[in-house]
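Notes to accompany the following structure.
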Amino acid sequence: MTLPLTQIQPLSQPVNIGDEVATFSAAVEAEIDRHLAKYPVQRSAILPLMFIVQRERGYLDPPGVAYLAKRLALRITDIWEVATFYSMIYTEPVGKYHIQVCRTLSCKIRGAGAITEHCAQKLGIRPGETTADGRFTLSEVECLGSCGTAPMFQINFDYYENLTPERVDQILKSLG
């Protein structure tokens with residue numbers, strides 16, 4: 001037995017995040033249409049569409065959120081609920097290289113704290129900050145699923161495992 005979907009009604013006191021709604025090129029709109037065609041319930045496309053907006057705008061900003069809410073016929077809060085749950089969706093600007101150090105148990109036991117501290121010292125920033133030139137953002141995140149090769153971090157979408165301070169220096173140097 002299947003139950004009908006509950007239609008979500010707009011809030012009686014909607015959140016005001018401004019009037020600006022992001023716009024995208026015809027090519028990006030076509031990419032969004034292709035994703036929407038995959039899902040019988042449009043809401044299910046929320047994550048792939050967030051990645052597209054983030055790719056195009058650098059992060060999921062208020063105009064991007066407004067676009068998604070309008071395009072998916074959802075409330076602004078529905079978009080923010082999903083965006084703030086996932087560490088790979090950025091709700092603030094991040095640097096060209098986003099270094100996400102795993103801080104969960106396996107990595108912590110194997111020295112993630114020292115790796116975070118080394119990155120912070122090398123870059124002159126603390127976790128949650130971006131370098132003045134906008135090149136690096138340093139974050140601590142929950143499990144990245146590479147426990148057997150701890151400690152590790154992710155830079156953008158690439159994994160770097162079995163880290164030592166020397167290996168971190170090599171990786172950062174390779175980024176230019």
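Following the order of the structure tokens, chains are lettered A, B, ..., residues in each are numbered from 1, and ligands are numbered from 1.
Backbone DSSP of stretch 109-154 of chain A yields alpha helix (DSSP H) at Ile109, Ala112, Gly113, Ala114, Ile115, Thr116, Glu117, His118, Cys119, Ala120, Gln121, Lys122 and Leu123 of chain A.
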Contact residues around A:Cys107 with only C-alpha atoms at 12 Å, ignoring same-chain residues under 5 positions, as an mmCIF file with N, CA, C and O atoms, in the first residue's frame:
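After the write, selection-v5.cif holds the following:
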```cif
data_model
loop_
_atom_site.group_PDB
_atom_site.id
_atom_site.type_symbol
_atom_site.label_atom_id
_atom_site.label_comp_id
_atom_site.auth_asym_id
_atom_site.auth_seq_id
_atom_site.Cartn_x
_atom_site.Cartn_y
_atom_site.Cartn_z
ATOM 1 N N VAL A 101 39.933 18.059 6.973
ATOM 2 C CA VAL A 101 40.645 17.047 7.749
ATOM 3 C C VAL A 101 39.621 16.224 8.525
ATOM 4 O O VAL A 101 38.791 16.768 9.251
ATOM 5 N N CYS A 102 39.700 14.904 8.370
ATOM 6 C CA CYS A 102 38.823 14.008 9.119
ATOM 7 C C CYS A 102 39.217 14.056 10.591
ATOM 8 O O CYS A 102 40.395 13.963 10.930
ATOM 9 N N ALA A 112 45.253 12.898 13.538
ATOM 10 C CA ALA A 112 44.581 13.953 12.776
ATOM 11 C C ALA A 112 44.760 15.331 13.412
ATOM 12 O O ALA A 112 44.899 16.329 12.708
ATOM 13 N N GLY A 113 44.793 15.371 14.743
ATOM 14 C CA GLY A 113 44.979 16.659 15.425
ATOM 15 C C GLY A 113 46.290 17.310 15.033
ATOM 16 O O GLY A 113 46.346 18.521 14.786
ATOM 17 N N ALA A 114 47.342 16.514 14.955
ATOM 18 C CA ALA A 114 48.649 17.045 14.557
ATOM 19 C C ALA A 114 48.627 17.499 13.098
ATOM 20 O O ALA A 114 49.267 18.495 12.742
ATOM 21 N N ILE A 115 47.882 16.783 12.248
ATOM 22 C CA ILE A 115 47.775 17.171 10.837
ATOM 23 C C ILE A 115 47.028 18.492 10.716
ATOM 24 O O ILE A 115 47.451 19.402 9.983
ATOM 25 N N THR A 116 45.927 18.618 11.451
ATOM 26 C CA THR A 116 45.174 19.887 11.437
ATOM 27 C C THR A 116 46.059 21.024 11.914
ATOM 28 O O THR A 116 46.099 22.093 11.288
ATOM 29 N N GLU A 140 37.540 21.033 9.687
ATOM 30 C CA GLU A 140 37.531 19.714 10.299
ATOM 31 C C GLU A 140 36.156 19.137 10.047
ATOM 32 O O GLU A 140 35.151 19.819 10.250
ATOM 33 N N VAL A 141 36.098 17.885 9.584
ATOM 34 C CA VAL A 141 34.821 17.263 9.225
ATOM 35 C C VAL A 141 34.710 15.894 9.873
ATOM 36 O O VAL A 141 35.699 15.319 10.333
ATOM 37 N N GLU A 142 33.496 15.391 9.876
ATOM 38 C CA GLU A 142 33.261 14.049 10.388
ATOM 39 C C GLU A 142 33.727 13.030 9.359
ATOM 40 O O GLU A 142 34.153 13.372 8.273
ATOM 41 N N CYS A 143 33.608 11.793 9.680
ATOM 42 C CA CYS A 143 34.198 10.672 8.950
ATOM 43 C C CYS A 143 34.104 10.807 7.428
ATOM 44 O O CYS A 143 33.030 11.023 6.871
ATOM 45 N N LEU A 144 35.242 10.647 6.789
ATOM 46 C CA LEU A 144 35.312 10.648 5.332
ATOM 47 C C LEU A 144 35.427 9.231 4.778
ATOM 48 O O LEU A 144 35.624 9.037 3.591
ATOM 49 N N GLY A 145 35.300 8.240 5.664
ATOM 50 C CA GLY A 145 35.219 6.848 5.226
ATOM 51 C C GLY A 145 36.523 6.235 4.766
ATOM 52 O O GLY A 145 36.517 5.346 3.918
ATOM 53 N N SER A 146 37.640 6.683 5.302
ATOM 54 C CA SER A 146 38.927 6.108 4.926
ATOM 55 C C SER A 146 39.697 5.710 6.182
ATOM 56 O O SER A 146 40.880 5.996 6.327
ATOM 57 N N CYS A 147 39.012 5.055 7.097
ATOM 58 C CA CYS A 147 39.558 4.735 8.425
ATOM 59 C C CYS A 147 40.822 3.900 8.365
ATOM 60 O O CYS A 147 41.711 4.047 9.203
ATOM 61 N N GLY A 148 40.940 3.010 7.399
ATOM 62 C CA GLY A 148 42.105 2.146 7.297
ATOM 63 C C GLY A 148 43.356 2.856 6.843
ATOM 64 O O GLY A 148 44.455 2.288 6.911
ATOM 65 N N THR A 149 43.220 4.083 6.363
ATOM 66 C CA THR A 149 44.376 4.843 5.873
ATOM 67 C C THR A 149 44.510 6.172 6.607
ATOM 68 O O THR A 149 44.977 7.161 6.056
ATOM 69 N N ALA A 150 44.103 6.171 7.859
ATOM 70 C CA ALA A 150 44.144 7.377 8.682
ATOM 71 C C ALA A 150 45.587 7.717 9.048
ATOM 72 O O ALA A 150 46.437 6.839 9.086
ATOM 73 N N PRO A 151 45.856 8.997 9.324
ATOM 74 C CA PRO A 151 44.972 10.147 9.177
ATOM 75 C C PRO A 151 44.894 10.573 7.712
ATOM 76 O O PRO A 151 45.796 10.308 6.930
ATOM 77 N N MET A 152 43.816 11.221 7.390
ATOM 78 C CA MET A 152 43.601 11.615 5.997
ATOM 79 C C MET A 152 42.870 12.944 5.926
ATOM 80 O O MET A 152 42.293 13.395 6.900
ATOM 81 N N PHE A 153 42.954 13.571 4.757
ATOM 82 C CA PHE A 153 42.109 14.718 4.464
ATOM 83 C C PHE A 153 41.665 14.675 3.024
ATOM 84 O O PHE A 153 42.185 13.897 2.215
ATOM 85 N N GLU A 161 45.740 10.205 1.902
ATOM 86 C CA GLU A 161 45.707 9.301 3.045
ATOM 87 C C GLU A 161 47.098 9.052 3.603
ATOM 88 O O GLU A 161 48.094 9.451 3.003
ATOM 89 N N ASN A 162 47.127 8.391 4.783
ATOM 90 C CA ASN A 162 48.391 8.077 5.466
ATOM 91 C C ASN A 162 49.249 9.332 5.608
ATOM 92 O O ASN A 162 50.438 9.328 5.280
ATOM 93 N N LEU A 163 48.649 10.391 6.092
ATOM 94 C CA LEU A 163 49.321 11.683 6.140
ATOM 95 C C LEU A 163 50.357 11.767 7.260
ATOM 96 O O LEU A 163 50.164 11.228 8.340
ATOM 97 N N THR A 164 51.418 12.473 6.924
ATOM 98 C CA THR A 164 52.440 12.906 7.884
ATOM 99 C C THR A 164 52.644 14.385 7.611
ATOM 100 O O THR A 164 52.265 14.878 6.527
#
```
Env of A:Leu138: 12 Å cut, atoms = only C-alpha atoms, seq-sep filter 5 positions within chain, self excluded. Answer as a short mmCIF file (atom, residue, chain, number, x, y, z; two decimals) with N, CA, C and O atoms, in the first residue's frame.
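This is the output file around-v6.cif:
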```cif
data_model
loop_
_atom_site.label_atom_id
_atom_site.label_comp_id
_atom_site.auth_asym_id
_atom_site.auth_seq_id
_atom_site.Cartn_x
_atom_site.Cartn_y
_atom_site.Cartn_z
N PRO A 93 31.46 31.12 1.42
CA PRO A 93 32.53 30.98 0.42
C PRO A 93 33.70 30.16 0.98
O PRO A 93 34.02 30.24 2.16
N VAL A 94 34.31 29.35 0.12
CA VAL A 94 35.50 28.59 0.50
C VAL A 94 36.61 28.91 -0.50
O VAL A 94 36.35 29.39 -1.60
N GLY A 95 37.83 28.59 -0.10
CA GLY A 95 38.98 28.85 -0.96
C GLY A 95 39.00 27.93 -2.17
O GLY A 95 38.22 26.98 -2.27
N LYS A 96 39.92 28.22 -3.07
CA LYS A 96 40.09 27.39 -4.26
C LYS A 96 40.37 25.95 -3.86
O LYS A 96 39.92 25.01 -4.51
N TYR A 97 41.12 25.77 -2.79
CA TYR A 97 41.42 24.44 -2.26
C TYR A 97 40.81 24.33 -0.87
O TYR A 97 41.23 25.01 0.06
N HIS A 98 39.81 23.48 -0.75
CA HIS A 98 39.15 23.28 0.53
C HIS A 98 39.72 22.02 1.18
O HIS A 98 39.44 20.91 0.74
N ILE A 99 40.51 22.22 2.22
CA ILE A 99 41.15 21.11 2.94
C ILE A 99 40.23 20.71 4.08
O ILE A 99 39.98 21.50 4.98
N GLN A 100 39.73 19.47 4.01
CA GLN A 100 38.82 18.96 5.03
C GLN A 100 39.50 17.80 5.75
O GLN A 100 39.64 16.72 5.19
N VAL A 101 39.93 18.06 6.97
CA VAL A 101 40.64 17.05 7.75
C VAL A 101 39.62 16.22 8.53
O VAL A 101 38.79 16.77 9.25
N CYS A 102 39.70 14.90 8.37
CA CYS A 102 38.82 14.01 9.12
C CYS A 102 39.22 14.06 10.59
O CYS A 102 40.39 13.96 10.93
N ILE A 115 47.88 16.78 12.25
CA ILE A 115 47.77 17.17 10.84
C ILE A 115 47.03 18.49 10.72
O ILE A 115 47.45 19.40 9.98
N THR A 116 45.93 18.62 11.45
CA THR A 116 45.17 19.89 11.44
C THR A 116 46.06 21.02 11.91
O THR A 116 46.10 22.09 11.29
N GLU A 117 46.77 20.81 13.00
CA GLU A 117 47.64 21.85 13.56
C GLU A 117 48.75 22.21 12.58
O GLU A 117 49.10 23.38 12.40
N HIS A 118 49.31 21.21 11.91
CA HIS A 118 50.37 21.47 10.92
C HIS A 118 49.83 22.31 9.75
O HIS A 118 50.48 23.26 9.33
N CYS A 119 48.65 21.94 9.26
CA CYS A 119 48.03 22.71 8.16
C CYS A 119 47.77 24.13 8.61
O CYS A 119 48.05 25.09 7.87
N ALA A 120 47.23 24.29 9.81
CA ALA A 120 46.92 25.62 10.33
C ALA A 120 48.18 26.48 10.42
O ALA A 120 48.20 27.64 10.00
N GLN A 121 49.26 25.89 10.94
CA GLN A 121 50.52 26.63 11.06
C GLN A 121 51.09 26.96 9.69
O GLN A 121 51.53 28.08 9.44
N LYS A 122 51.08 26.00 8.79
CA LYS A 122 51.64 26.18 7.45
C LYS A 122 50.89 27.27 6.67
O LYS A 122 51.48 28.06 5.95
N LEU A 123 49.55 27.28 6.81
CA LEU A 123 48.72 28.21 6.04
C LEU A 123 48.44 29.52 6.78
O LEU A 123 47.96 30.48 6.18
N GLY A 124 48.70 29.55 8.08
CA GLY A 124 48.45 30.76 8.87
C GLY A 124 46.97 31.00 9.13
O GLY A 124 46.55 32.16 9.28
N ILE A 125 46.18 29.93 9.18
CA ILE A 125 44.75 30.04 9.45
C ILE A 125 44.35 28.94 10.43
O ILE A 125 45.09 27.99 10.63
N ARG A 126 43.19 29.10 11.05
CA ARG A 126 42.62 28.09 11.94
C ARG A 126 41.50 27.37 11.19
O ARG A 126 40.99 27.88 10.18
N PRO A 127 41.07 26.20 11.68
CA PRO A 127 39.91 25.54 11.06
C PRO A 127 38.70 26.49 11.01
O PRO A 127 38.44 27.21 11.97
N GLY A 128 38.05 26.48 9.85
CA GLY A 128 36.92 27.39 9.63
C GLY A 128 37.31 28.69 8.97
O GLY A 128 36.45 29.52 8.67
N GLU A 129 38.59 28.88 8.71
CA GLU A 129 39.07 30.12 8.10
C GLU A 129 39.61 29.87 6.69
O GLU A 129 39.93 28.75 6.32
N THR A 130 39.73 30.97 5.95
CA THR A 130 40.27 30.96 4.59
C THR A 130 41.45 31.91 4.54
O THR A 130 41.42 32.99 5.17
N THR A 131 42.49 31.54 3.81
CA THR A 131 43.65 32.41 3.67
C THR A 131 43.24 33.73 3.01
O THR A 131 42.26 33.77 2.25
N PHE A 153 42.95 13.57 4.76
CA PHE A 153 42.11 14.72 4.46
C PHE A 153 41.66 14.68 3.02
O PHE A 153 42.19 13.90 2.21
N GLN A 154 40.68 15.49 2.74
CA GLN A 154 40.14 15.62 1.39
C GLN A 154 40.40 17.04 0.96
O GLN A 154 40.11 17.98 1.71
N ILE A 155 40.93 17.22 -0.23
CA ILE A 155 41.06 18.56 -0.81
C ILE A 155 40.16 18.58 -2.03
O ILE A 155 40.36 17.82 -2.97
N ASN A 156 39.16 19.43 -1.97
CA ASN A 156 38.08 19.45 -2.94
C ASN A 156 37.48 18.04 -2.99
O ASN A 156 36.91 17.61 -2.01
#
```
Contacts of A:Gln42 within 10 Å, only C-alpha atoms, excl. fewer than 3 positions in-chain, as JSON, numbers by chain: {"A": [35, 36, 37, 38, 39, 45, 46, 71, 72, 73, 74]}
Create the file for the chosen residues now, containing all heavy atoms and written as a PDB file, in the first residue's frame.
```pdb
ATOM      1  N   HIS A  35      18.664  16.445 -14.813  1.00  0.00           N
ATOM      2  CA  HIS A  35      18.602  15.850 -13.476  1.00  0.00           C
ATOM      3  C   HIS A  35      17.159  15.695 -13.016  1.00  0.00           C
ATOM      4  O   HIS A  35      16.791  14.653 -12.476  1.00  0.00           O
ATOM      5  CB  HIS A  35      19.385  16.687 -12.459  1.00  0.00           C
ATOM      6  CG  HIS A  35      20.852  16.425 -12.500  1.00  0.00           C
ATOM      7  ND1 HIS A  35      21.422  15.277 -12.009  1.00  0.00           N
ATOM      8  CD2 HIS A  35      21.869  17.168 -12.989  1.00  0.00           C
ATOM      9  CE1 HIS A  35      22.724  15.321 -12.185  1.00  0.00           C
ATOM     10  NE2 HIS A  35      23.025  16.457 -12.778  1.00  0.00           N
ATOM     11  N   LEU A  36      16.361  16.713 -13.214  1.00  0.00           N
ATOM     12  CA  LEU A  36      14.961  16.644 -12.785  1.00  0.00           C
ATOM     13  C   LEU A  36      14.204  15.522 -13.478  1.00  0.00           C
ATOM     14  O   LEU A  36      13.323  14.901 -12.878  1.00  0.00           O
ATOM     15  CB  LEU A  36      14.263  17.995 -13.025  1.00  0.00           C
ATOM     16  CG  LEU A  36      14.670  19.111 -12.060  1.00  0.00           C
ATOM     17  CD1 LEU A  36      14.102  20.442 -12.524  1.00  0.00           C
ATOM     18  CD2 LEU A  36      14.236  18.793 -10.645  1.00  0.00           C
ATOM     19  N   ALA A  37      14.563  15.232 -14.719  1.00  0.00           N
ATOM     20  CA  ALA A  37      13.891  14.168 -15.473  1.00  0.00           C
ATOM     21  C   ALA A  37      14.149  12.781 -14.877  1.00  0.00           C
ATOM     22  O   ALA A  37      13.385  11.851 -15.119  1.00  0.00           O
ATOM     23  CB  ALA A  37      14.339  14.206 -16.931  1.00  0.00           C
ATOM     24  N   LYS A  38      15.190  12.644 -14.077  1.00  0.00           N
ATOM     25  CA  LYS A  38      15.534  11.345 -13.477  1.00  0.00           C
ATOM     26  C   LYS A  38      14.653  10.994 -12.280  1.00  0.00           C
ATOM     27  O   LYS A  38      14.624   9.842 -11.866  1.00  0.00           O
ATOM     28  CB  LYS A  38      16.981  11.362 -12.981  1.00  0.00           C
ATOM     29  CG  LYS A  38      18.020  11.554 -14.042  1.00  0.00           C
ATOM     30  CD  LYS A  38      19.384  11.663 -13.377  1.00  0.00           C
ATOM     31  CE  LYS A  38      20.453  12.120 -14.334  1.00  0.00           C
ATOM     32  NZ  LYS A  38      21.744  12.317 -13.655  1.00  0.00           N
ATOM     33  N   TYR A  39      13.989  11.981 -11.710  1.00  0.00           N
ATOM     34  CA  TYR A  39      13.295  11.784 -10.448  1.00  0.00           C
ATOM     35  C   TYR A  39      11.791  11.996 -10.589  1.00  0.00           C
ATOM     36  O   TYR A  39      11.356  13.069 -10.996  1.00  0.00           O
ATOM     37  CB  TYR A  39      13.827  12.762  -9.395  1.00  0.00           C
ATOM     38  CG  TYR A  39      15.297  12.576  -9.110  1.00  0.00           C
ATOM     39  CD1 TYR A  39      16.262  13.342  -9.780  1.00  0.00           C
ATOM     40  CD2 TYR A  39      15.732  11.643  -8.181  1.00  0.00           C
ATOM     41  CE1 TYR A  39      17.611  13.174  -9.519  1.00  0.00           C
ATOM     42  CE2 TYR A  39      17.085  11.469  -7.914  1.00  0.00           C
ATOM     43  CZ  TYR A  39      18.012  12.240  -8.590  1.00  0.00           C
ATOM     44  OH  TYR A  39      19.347  12.068  -8.328  1.00  0.00           O
ATOM     45  N   ALA A  45      15.725  15.532  -6.326  1.00  0.00           N
ATOM     46  CA  ALA A  45      16.864  16.055  -7.079  1.00  0.00           C
ATOM     47  C   ALA A  45      17.620  17.133  -6.321  1.00  0.00           C
ATOM     48  O   ALA A  45      18.562  17.716  -6.857  1.00  0.00           O
ATOM     49  CB  ALA A  45      16.385  16.609  -8.424  1.00  0.00           C
ATOM     50  N   ILE A  46      17.255  17.365  -5.084  1.00  0.00           N
ATOM     51  CA  ILE A  46      17.805  18.501  -4.348  1.00  0.00           C
ATOM     52  C   ILE A  46      19.334  18.468  -4.252  1.00  0.00           C
ATOM     53  O   ILE A  46      19.990  19.483  -4.498  1.00  0.00           O
ATOM     54  CB  ILE A  46      17.142  18.642  -2.958  1.00  0.00           C
ATOM     55  CG1 ILE A  46      17.425  20.007  -2.362  1.00  0.00           C
ATOM     56  CG2 ILE A  46      17.531  17.529  -2.031  1.00  0.00           C
ATOM     57  CD1 ILE A  46      16.552  20.329  -1.158  1.00  0.00           C
ATOM     58  N   ARG A  71      12.512  26.603  -8.076  1.00  0.00           N
ATOM     59  CA  ARG A  71      12.556  25.576  -9.125  1.00  0.00           C
ATOM     60  C   ARG A  71      11.933  24.253  -8.660  1.00  0.00           C
ATOM     61  O   ARG A  71      11.291  23.552  -9.427  1.00  0.00           O
ATOM     62  CB  ARG A  71      14.011  25.360  -9.547  1.00  0.00           C
ATOM     63  CG  ARG A  71      14.198  24.431 -10.719  1.00  0.00           C
ATOM     64  CD  ARG A  71      13.727  25.097 -12.014  1.00  0.00           C
ATOM     65  NE  ARG A  71      13.609  24.157 -13.086  1.00  0.00           N
ATOM     66  CZ  ARG A  71      14.504  23.953 -14.047  1.00  0.00           C
ATOM     67  NH1 ARG A  71      15.600  24.669 -14.065  1.00  0.00           N
ATOM     68  NH2 ARG A  71      14.295  23.073 -14.982  1.00  0.00           N
ATOM     69  N   LEU A  72      12.123  23.929  -7.377  1.00  0.00           N
ATOM     70  CA  LEU A  72      11.612  22.666  -6.845  1.00  0.00           C
ATOM     71  C   LEU A  72      10.267  22.820  -6.123  1.00  0.00           C
ATOM     72  O   LEU A  72       9.737  21.844  -5.601  1.00  0.00           O
ATOM     73  CB  LEU A  72      12.633  22.049  -5.880  1.00  0.00           C
ATOM     74  CG  LEU A  72      13.963  21.650  -6.519  1.00  0.00           C
ATOM     75  CD1 LEU A  72      14.969  21.248  -5.454  1.00  0.00           C
ATOM     76  CD2 LEU A  72      13.761  20.535  -7.531  1.00  0.00           C
ATOM     77  N   ALA A  73       9.738  24.052  -6.102  1.00  0.00           N
ATOM     78  CA  ALA A  73       8.470  24.344  -5.414  1.00  0.00           C
ATOM     79  C   ALA A  73       8.535  23.917  -3.949  1.00  0.00           C
ATOM     80  O   ALA A  73       7.639  23.257  -3.426  1.00  0.00           O
ATOM     81  CB  ALA A  73       7.289  23.698  -6.138  1.00  0.00           C
ATOM     82  N   LEU A  74       9.646  24.296  -3.301  1.00  0.00           N
ATOM     83  CA  LEU A  74       9.842  24.000  -1.890  1.00  0.00           C
ATOM     84  C   LEU A  74      10.002  25.296  -1.099  1.00  0.00           C
ATOM     85  O   LEU A  74      10.165  26.370  -1.678  1.00  0.00           O
ATOM     86  CB  LEU A  74      11.105  23.150  -1.704  1.00  0.00           C
ATOM     87  CG  LEU A  74      11.084  21.764  -2.323  1.00  0.00           C
ATOM     88  CD1 LEU A  74      12.464  21.121  -2.235  1.00  0.00           C
ATOM     89  CD2 LEU A  74      10.042  20.896  -1.637  1.00  0.00           C
TER      90      LEU A  74
END
```
Selection near A:Tyr59, 9 Å with only C-alpha atoms, sequence-local residues under 6 positions removed, as a list in words: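 Listed by chain and then number, they are Met50, Phe51, Val53, Ile89, Tyr90, Thr91, Glu92, Pro93 and Val94 of chain A.
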I need the chosen residues saved as a compact mmCIF listing (two decimals), in the first residue's frame, with C-alpha atoms.
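Listed below is the output, result.txt:
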```
# COMPACT_ATOMS: atom_id res chain seq x y z
CA MET A 50 22.78 21.92 -4.99
CA PHE A 51 26.06 20.70 -6.46
CA VAL A 53 24.40 25.72 -8.00
CA ILE A 89 27.59 21.69 0.50
CA TYR A 90 29.17 25.03 1.30
CA THR A 91 26.92 27.75 2.69
CA GLU A 92 29.82 30.19 2.97
CA PRO A 93 32.53 30.98 0.42
CA VAL A 94 35.50 28.59 0.50
```
